[in-house]
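This is model_1.cif (mmCIF, C-alpha atoms).
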data_protein
#
loop_
_atom_site.label_atom_id
_atom_site.label_comp_id
_atom_site.auth_asym_id
_atom_site.auth_seq_id
_atom_site.Cartn_x
_atom_site.Cartn_y
_atom_site.Cartn_z
CA MET R 1 0.00 0.00 0.00
CA MET R 2 1.11 3.59 -0.55
CA ARG R 3 2.13 5.84 2.32
CA ALA R 4 -0.57 7.23 4.57
CA LEU R 5 -3.30 9.35 3.01
CA ARG R 6 -4.47 12.66 4.43
CA ALA R 7 -8.24 12.69 4.74
CA GLY R 8 -11.15 14.57 6.24
CA TRP R 9 -14.86 13.82 6.37
CA LEU R 10 -18.03 15.50 7.55
CA THR R 11 -21.75 14.77 7.52
CA ASP R 12 -24.44 17.38 8.18
CA GLN R 13 -28.23 17.34 8.46
CA GLY R 14 -28.65 20.36 6.19
CA ARG R 15 -31.15 23.15 6.66
CA THR R 16 -34.50 21.54 5.83
CA ARG R 17 -34.40 17.84 6.80
CA THR R 18 -35.56 16.71 10.25
CA LYS R 19 -32.87 14.00 10.50
CA ASN R 20 -29.64 12.93 8.83
CA GLU R 21 -30.10 9.86 6.63
CA ASP R 22 -26.51 9.94 5.34
CA ALA R 23 -23.73 7.80 6.80
CA VAL R 24 -19.96 7.84 6.36
CA TYR R 25 -17.18 5.33 7.01
CA ALA R 26 -13.59 6.48 6.78
CA ASP R 27 -10.36 4.69 7.70
CA ALA R 28 -7.44 6.67 6.30
CA GLY R 29 -4.89 4.18 7.62
CA ARG R 30 -6.52 1.27 5.78
CA GLN R 31 -7.47 3.56 2.89
CA VAL R 32 -11.17 2.69 2.91
CA PHE R 33 -13.86 5.34 2.44
CA VAL R 34 -17.64 4.95 2.08
CA VAL R 35 -20.53 7.41 1.76
CA ALA R 36 -24.13 6.15 1.90
CA ASP R 37 -27.29 8.21 1.41
CA GLY R 38 -30.54 6.71 2.70
CA LEU R 39 -33.49 7.16 0.38
CA GLY R 40 -35.56 10.17 1.36
CA GLY R 41 -39.31 9.74 1.47
CA CYS R 42 -38.99 6.08 2.45
CA PRO R 43 -38.98 4.66 5.98
CA GLY R 44 -35.66 3.73 7.53
CA GLY R 45 -33.33 5.64 5.24
CA GLU R 46 -30.94 6.33 8.11
CA VAL R 47 -31.01 2.64 9.09
CA ALA R 48 -30.20 1.50 5.54
CA SER R 49 -27.33 3.95 5.14
CA ARG R 50 -25.77 3.04 8.49
CA ILE R 51 -25.96 -0.69 7.72
CA ALA R 52 -24.45 -0.23 4.27
CA ALA R 53 -21.64 2.12 5.31
CA ARG R 54 -20.62 0.04 8.32
CA GLN R 55 -20.85 -3.36 6.66
CA ILE R 56 -19.05 -2.29 3.48
CA GLY R 57 -16.39 -0.38 5.39
CA ASP R 58 -15.66 -3.17 7.86
CA ALA R 59 -15.54 -5.78 5.11
CA LEU R 60 -13.17 -3.72 2.95
CA VAL R 61 -10.88 -3.12 5.93
CA ARG R 62 -10.71 -6.88 6.48
CA LEU R 63 -9.75 -7.28 2.81
CA SER R 64 -7.17 -4.51 2.88
CA CYS R 65 -4.31 -6.84 3.81
CA ALA R 66 -4.75 -8.22 0.28
CA PRO R 67 -5.95 -5.25 -1.82
CA PRO R 68 -9.43 -6.08 -3.14
CA ALA R 69 -10.18 -6.36 -6.83
CA GLU R 70 -13.60 -5.83 -8.40
CA PRO R 71 -14.93 -9.34 -7.60
CA GLY R 72 -14.15 -8.86 -3.92
CA VAL R 73 -15.82 -5.46 -3.79
CA LEU R 74 -18.80 -6.82 -5.70
CA ALA R 75 -19.23 -9.54 -3.05
CA VAL R 76 -18.94 -6.95 -0.27
CA VAL R 77 -21.62 -4.71 -1.81
CA ALA R 78 -23.88 -7.71 -2.43
CA GLY R 79 -23.50 -8.68 1.22
CA ALA R 80 -24.50 -5.19 2.34
CA ASN R 81 -27.49 -5.30 0.02
CA ARG R 82 -28.64 -8.57 1.61
CA ALA R 83 -28.19 -7.10 5.07
CA VAL R 84 -30.41 -4.11 4.24
CA ILE R 85 -33.08 -6.37 2.70
CA GLU R 86 -33.02 -8.74 5.68
CA LYS R 87 -33.29 -5.89 8.17
CA ALA R 88 -36.33 -4.50 6.33
CA ALA R 89 -37.93 -7.95 6.17
CA ALA R 90 -37.52 -8.35 9.93
CA ASP R 91 -39.17 -5.03 10.77
CA PRO R 92 -42.34 -3.99 8.88
CA ARG R 93 -41.70 -0.37 9.84
CA LEU R 94 -38.64 -0.43 7.54
CA THR R 95 -40.34 -1.87 4.46
CA GLY R 96 -39.00 -0.23 1.33
CA MET R 97 -35.88 1.26 2.86
CA GLY R 98 -32.82 1.65 0.68
CA THR R 99 -29.62 3.59 0.22
CA THR R 100 -27.14 4.74 -2.37
CA VAL R 101 -23.42 4.18 -1.81
CA VAL R 102 -20.11 5.36 -3.21
CA LEU R 103 -16.81 3.90 -2.02
CA ALA R 104 -13.10 4.19 -2.67
CA VAL R 105 -10.25 1.87 -1.73
CA GLY R 106 -6.65 3.03 -1.96
CA LEU R 107 -4.40 0.56 -3.76
CA GLU R 108 -0.64 0.79 -4.30
CA ASP R 109 -0.85 3.11 -7.28
CA SER R 110 -4.58 3.73 -7.81
CA PHE R 111 -8.03 4.13 -6.32
CA LEU R 112 -10.72 1.52 -6.88
CA VAL R 113 -14.04 3.40 -6.95
CA ALA R 114 -17.51 1.84 -7.00
CA HIS R 115 -20.98 3.31 -6.69
CA VAL R 116 -24.67 2.49 -6.69
CA GLY R 117 -27.13 5.37 -7.16
CA ASP R 118 -26.36 9.07 -7.30
CA SER R 119 -23.72 9.54 -4.62
CA ARG R 120 -20.60 10.66 -6.47
CA ALA R 121 -16.82 10.52 -6.68
CA TYR R 122 -14.67 13.29 -8.18
CA LEU R 123 -10.94 13.69 -8.78
CA LEU R 124 -9.08 17.00 -8.61
CA ARG R 125 -5.77 16.82 -10.49
CA GLU R 126 -3.59 19.85 -11.13
CA GLY R 127 -6.50 22.13 -10.31
CA ARG R 128 -8.96 20.48 -12.70
CA LEU R 129 -12.02 18.54 -11.55
CA SER R 130 -13.28 15.40 -13.27
CA SER R 131 -16.21 13.16 -12.41
CA LEU R 132 -15.40 9.51 -11.70
CA THR R 133 -19.00 8.31 -11.51
CA ARG R 134 -22.16 8.57 -13.55
CA ASP R 135 -25.42 8.82 -11.61
CA HIS R 136 -27.75 5.84 -11.71
CA SER R 137 -30.81 8.02 -12.03
CA VAL R 138 -33.76 8.83 -14.27
CA VAL R 139 -32.33 12.28 -15.01
CA GLN R 140 -28.94 10.86 -16.02
CA GLU R 141 -30.65 8.52 -18.48
CA LEU R 142 -32.58 11.45 -19.96
CA LEU R 143 -29.39 13.51 -20.15
CA ALA R 144 -27.41 10.71 -21.81
CA SER R 145 -30.13 10.27 -24.44
CA GLY R 146 -30.17 13.99 -25.22
CA ARG R 147 -33.76 14.46 -24.10
CA ILE R 148 -32.82 17.14 -21.56
CA SER R 149 -29.94 19.59 -21.16
CA ALA R 150 -27.47 19.81 -18.27
CA GLU R 151 -29.32 22.88 -17.00
CA GLY R 152 -32.65 21.07 -17.35
CA ALA R 153 -31.24 18.17 -15.35
CA ARG R 154 -30.51 20.41 -12.36
CA HIS R 155 -34.17 21.45 -12.10
CA HIS R 156 -35.95 18.34 -13.39
CA PRO R 157 -38.83 17.16 -11.13
CA GLN R 158 -37.38 13.61 -11.14
CA ARG R 159 -33.80 14.64 -10.39
CA ASN R 160 -33.83 12.67 -7.11
CA VAL R 161 -35.21 9.43 -8.58
CA VAL R 162 -32.46 6.79 -8.60
CA THR R 163 -32.47 3.62 -10.68
CA ARG R 164 -30.09 1.53 -8.55
CA THR R 165 -30.01 1.23 -4.77
CA LEU R 166 -29.01 -1.13 -2.02
CA GLY R 167 -32.05 -2.67 -0.38
CA HIS R 168 -33.88 -3.81 -3.49
CA ALA R 169 -33.16 -7.15 -5.14
CA GLY R 170 -31.76 -6.81 -8.64
CA GLY R 171 -30.98 -3.11 -8.40
CA GLU R 172 -27.76 -3.19 -6.42
CA ALA R 173 -25.10 -3.84 -9.09
CA PRO R 174 -22.24 -1.36 -8.59
CA GLU R 175 -20.36 0.35 -11.37
CA PHE R 176 -16.56 0.23 -11.01
CA ARG R 177 -13.67 2.41 -12.03
CA THR R 178 -9.95 2.09 -11.27
CA ILE R 179 -8.11 5.42 -11.31
CA PRO R 180 -4.30 5.55 -11.34
CA HIS R 181 -3.29 8.27 -8.92
CA GLN R 182 -0.32 10.60 -8.73
CA PRO R 183 1.12 12.83 -5.99
CA GLY R 184 -1.08 15.83 -5.33
CA ASP R 185 -4.33 14.21 -6.46
CA ARG R 186 -7.42 14.92 -4.35
CA LEU R 187 -10.40 12.54 -4.23
CA LEU R 188 -13.90 13.65 -3.21
CA LEU R 189 -16.78 11.35 -2.26
CA CYS R 190 -20.13 13.01 -1.59
CA SER R 191 -23.86 12.53 -1.27
CA ASP R 192 -26.19 14.46 -3.56
CA GLY R 193 -26.77 16.96 -0.78
CA LEU R 194 -23.52 18.51 -1.98
CA SER R 195 -23.72 17.95 -5.75
CA GLY R 196 -27.36 19.07 -5.81
CA MET R 197 -26.47 22.41 -4.20
CA LEU R 198 -23.08 23.24 -5.79
CA ASP R 199 -22.19 22.98 -9.46
CA ASP R 200 -18.92 21.36 -10.53
CA PRO R 201 -16.99 24.63 -11.08
CA GLU R 202 -17.67 25.71 -7.50
CA ILE R 203 -16.72 22.29 -6.12
CA GLU R 204 -13.51 22.52 -8.14
CA GLN R 205 -12.76 25.98 -6.77
CA VAL R 206 -13.18 24.87 -3.14
CA LEU R 207 -11.13 21.70 -3.58
CA ALA R 208 -8.31 23.66 -5.22
CA ARG R 209 -8.31 26.47 -2.66
CA PHE R 210 -8.28 24.76 0.75
CA ALA R 211 -5.22 22.60 1.35
CA GLU R 212 -6.25 20.95 4.62
CA PRO R 213 -8.84 18.19 3.99
CA MET R 214 -11.04 18.88 7.02
CA ARG R 215 -11.09 22.62 6.31
CA CYS R 216 -12.13 21.78 2.76
CA CYS R 217 -14.95 19.54 4.03
CA ARG R 218 -16.28 22.29 6.26
CA GLU R 219 -16.22 24.81 3.43
CA LEU R 220 -18.10 22.48 1.08
CA VAL R 221 -20.78 21.77 3.69
CA ASN R 222 -21.10 25.44 4.62
CA ARG R 223 -21.57 26.46 1.00
CA ALA R 224 -24.19 23.76 0.41
CA ASN R 225 -26.07 25.03 3.46
CA ASP R 226 -25.72 28.62 2.27
CA ARG R 227 -27.44 27.57 -0.98
CA GLY R 228 -30.39 26.27 1.02
CA GLY R 229 -29.18 22.96 2.48
CA LEU R 230 -32.14 21.14 0.96
CA ASP R 231 -30.75 17.68 1.76
CA ASN R 232 -28.32 15.98 4.11
CA ILE R 233 -24.73 16.70 3.11
CA THR R 234 -21.81 14.28 3.42
CA VAL R 235 -18.29 14.77 2.07
CA VAL R 236 -15.01 12.85 2.24
CA VAL R 237 -11.83 14.51 0.96
CA VAL R 238 -8.76 12.29 0.46
CA ASP R 239 -5.30 13.54 -0.57
CA VAL R 240 -2.50 11.56 -2.20
CA PRO R 241 0.68 12.76 -0.46
CA ASP R 242 2.72 15.39 -2.24
CA GLU R 243 5.76 16.97 -0.59
CA ALA R 244 5.17 20.11 -2.67
CA ARG R 245 1.60 20.55 -1.42
CA PRO R 246 0.94 23.79 0.54
CA THR R 247 1.13 23.75 4.32
CA PRO R 248 -2.14 22.45 5.90
CA GLY R 249 -4.50 25.02 7.32
CA SER R 250 -4.49 27.48 4.43
#

Let me see the structure of the file written as structure tokens.
Amino acid sequence: MMRALRAGWLTDQGRTRTKNEDAVYADAGRQVFVVADGLGGCPGGEVASRIAARQIGDALVRLSCAPPAEPGVLAVVAGANRAVIEKAAADPRLTGMGTTVVLAVGLEDSFLVAHVGDSRAYLLREGRLSSLTRDHSVVQELLASGRISAEGARHHPQRNVVTRTLGHAGGEAPEFRTIPHQPGDRLLLCSDGLSGMLDDPEIEQVLARFAEPMRCCRELVNRANDRGGLDNITVVVVDVPDEARPTPGS
């Protein structure tokens, strides 16, 4: 494994929700990071996200002594999906609960990223932001087919409708991406409480400006709340070490 990562993470209820249905798992030493976003409008969203984040995180940490490949991560996500389904089956009050998830595992020279739903991963490299995930959502399908514009997607009435989640049989298949990393790279995992409030240029600006990961997390959450905080907000910022990087705290 590469030398220790610098990381920060923060989850916030936002300004309008009565509870936080997001969950985060972060182990910088083992290089395992997970963000889960319980489905709003359904019972037990916070239960589903906590189960998924904890079970996926713990399982990936156990695998970290032998860096996991896609089949191993697939089995871990499938196990979390079964756990959410079984919990809902055991408690009628939780019927229909589900959660999105995005995860990243640090390997020797890359990140393995996987996601289900519309929680996202981004990479900042040399000041430029790129998206590592594509939302599993109705709006993304409309956007990909050219039926709506990027601006239309931001305000579409179905923008929060996801097409894959954990907690529903057959809909849990993650999408994978392996990203070679280099010194100075910065990885962001987030729930849609961030990406729904800030556009990519503003996210890029914040990630490029604030050198210390936790300070960067606080700034992202504060800005999302300043825009209205319409959803729970969760962010994880992970830095690949770079001796030339500015002193933390700027």

Given the PyMOL selection byres ((chain R and resi 164) around 8) and the file above, list the residues it selects as a ChimeraX atom specification. /R:100,116-117,136-137,162-163,165-166,171-173

Run the PyMOL selection byres ((chain R and resi 224) around 8) mentally over the shown coordinates, then write out the matched residues as a list in words, using the chain letters and numbers from the document.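 Listing what the PyMOL selection byres ((chain R and resi 224) around 8) selects in the shown file: Gly193, Leu194, Met197, Leu198, Leu220, Val221, Asn222, Arg223, Asn225, Asp226, Arg227, Gly228, Gly229 and Ile233 of chain R.
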
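CA of Val236 in chain R sits 14.1 Å away from CA of Phe111 in chain R.
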
Return as number ranges by chain the set of residues that the PyMOL selection byres ((chain R and resi 45) around 10) yields on the displayed structure. R: 19-23, 36-44, 46-50, 94, 96-100

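Considering the residues R:Gly167, R:Gly127, R:Gly57, R:Pro68 and counting all atoms listed in the file, Asn81 in chain R has its shortest atom-to-atom contact with R:Gly167.
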
Using all atoms listed in the file: which of R:Ser119, R:Ser195, R:Thr133, R:Gln182 has the shortest distance to Asp239 in chain R: R:Gln182

Quick one: pull the distance between CA of Ile51 in chain R and CA of Val238 in chain R, Å, one decimal.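 Answer for the CA of Ile51 in chain R to CA of Val238 in chain R separation: 22.7 Å.
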
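Minimum distance to Gly8 in chain R across R:Ala69, R:Val105, R:Val24, R:Cys216 (counting all atoms listed in the file) occurs at R:Cys216.
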
Do a neighbour search on Val34 in chain R at 12 Å with only C-alpha atoms, toss out local chain neighbours closer than 4 positions, and write the hits as an MDAnalysis selection string. chainID R and resid 9:11 22:28 49:61 77 100:106 112:116 119:121 188:191 234:238

Could you please take those selected residues and save C-alpha atoms as a short mmCIF file (atom, residue, chain, number, x, y, z; two decimals), in the coordinates of the input?
data_model
loop_
_atom_site.label_atom_id
_atom_site.label_comp_id
_atom_site.auth_asym_id
_atom_site.auth_seq_id
_atom_site.Cartn_x
_atom_site.Cartn_y
_atom_site.Cartn_z
CA TRP R 9 -14.86 13.82 6.37
CA LEU R 10 -18.03 15.50 7.55
CA THR R 11 -21.75 14.77 7.52
CA ASP R 22 -26.51 9.94 5.34
CA ALA R 23 -23.73 7.80 6.80
CA VAL R 24 -19.96 7.84 6.36
CA TYR R 25 -17.18 5.33 7.01
CA ALA R 26 -13.59 6.48 6.78
CA ASP R 27 -10.36 4.69 7.70
CA ALA R 28 -7.44 6.67 6.30
CA SER R 49 -27.33 3.95 5.14
CA ARG R 50 -25.77 3.04 8.49
CA ILE R 51 -25.96 -0.69 7.72
CA ALA R 52 -24.45 -0.23 4.27
CA ALA R 53 -21.64 2.12 5.31
CA ARG R 54 -20.62 0.04 8.32
CA GLN R 55 -20.85 -3.36 6.66
CA ILE R 56 -19.05 -2.29 3.48
CA GLY R 57 -16.39 -0.38 5.39
CA ASP R 58 -15.66 -3.17 7.86
CA ALA R 59 -15.54 -5.78 5.11
CA LEU R 60 -13.17 -3.72 2.95
CA VAL R 61 -10.88 -3.12 5.93
CA VAL R 77 -21.62 -4.71 -1.81
CA THR R 100 -27.14 4.74 -2.37
CA VAL R 101 -23.42 4.18 -1.81
CA VAL R 102 -20.11 5.36 -3.21
CA LEU R 103 -16.81 3.90 -2.02
CA ALA R 104 -13.10 4.19 -2.67
CA VAL R 105 -10.25 1.87 -1.73
CA GLY R 106 -6.65 3.03 -1.96
CA LEU R 112 -10.72 1.52 -6.88
CA VAL R 113 -14.04 3.40 -6.95
CA ALA R 114 -17.51 1.84 -7.00
CA HIS R 115 -20.98 3.31 -6.69
CA VAL R 116 -24.67 2.49 -6.69
CA SER R 119 -23.72 9.54 -4.62
CA ARG R 120 -20.60 10.66 -6.47
CA ALA R 121 -16.82 10.52 -6.68
CA LEU R 188 -13.90 13.65 -3.21
CA LEU R 189 -16.78 11.35 -2.26
CA CYS R 190 -20.13 13.01 -1.59
CA SER R 191 -23.86 12.53 -1.27
CA THR R 234 -21.81 14.28 3.42
CA VAL R 235 -18.29 14.77 2.07
CA VAL R 236 -15.01 12.85 2.24
CA VAL R 237 -11.83 14.51 0.96
CA VAL R 238 -8.76 12.29 0.46
#
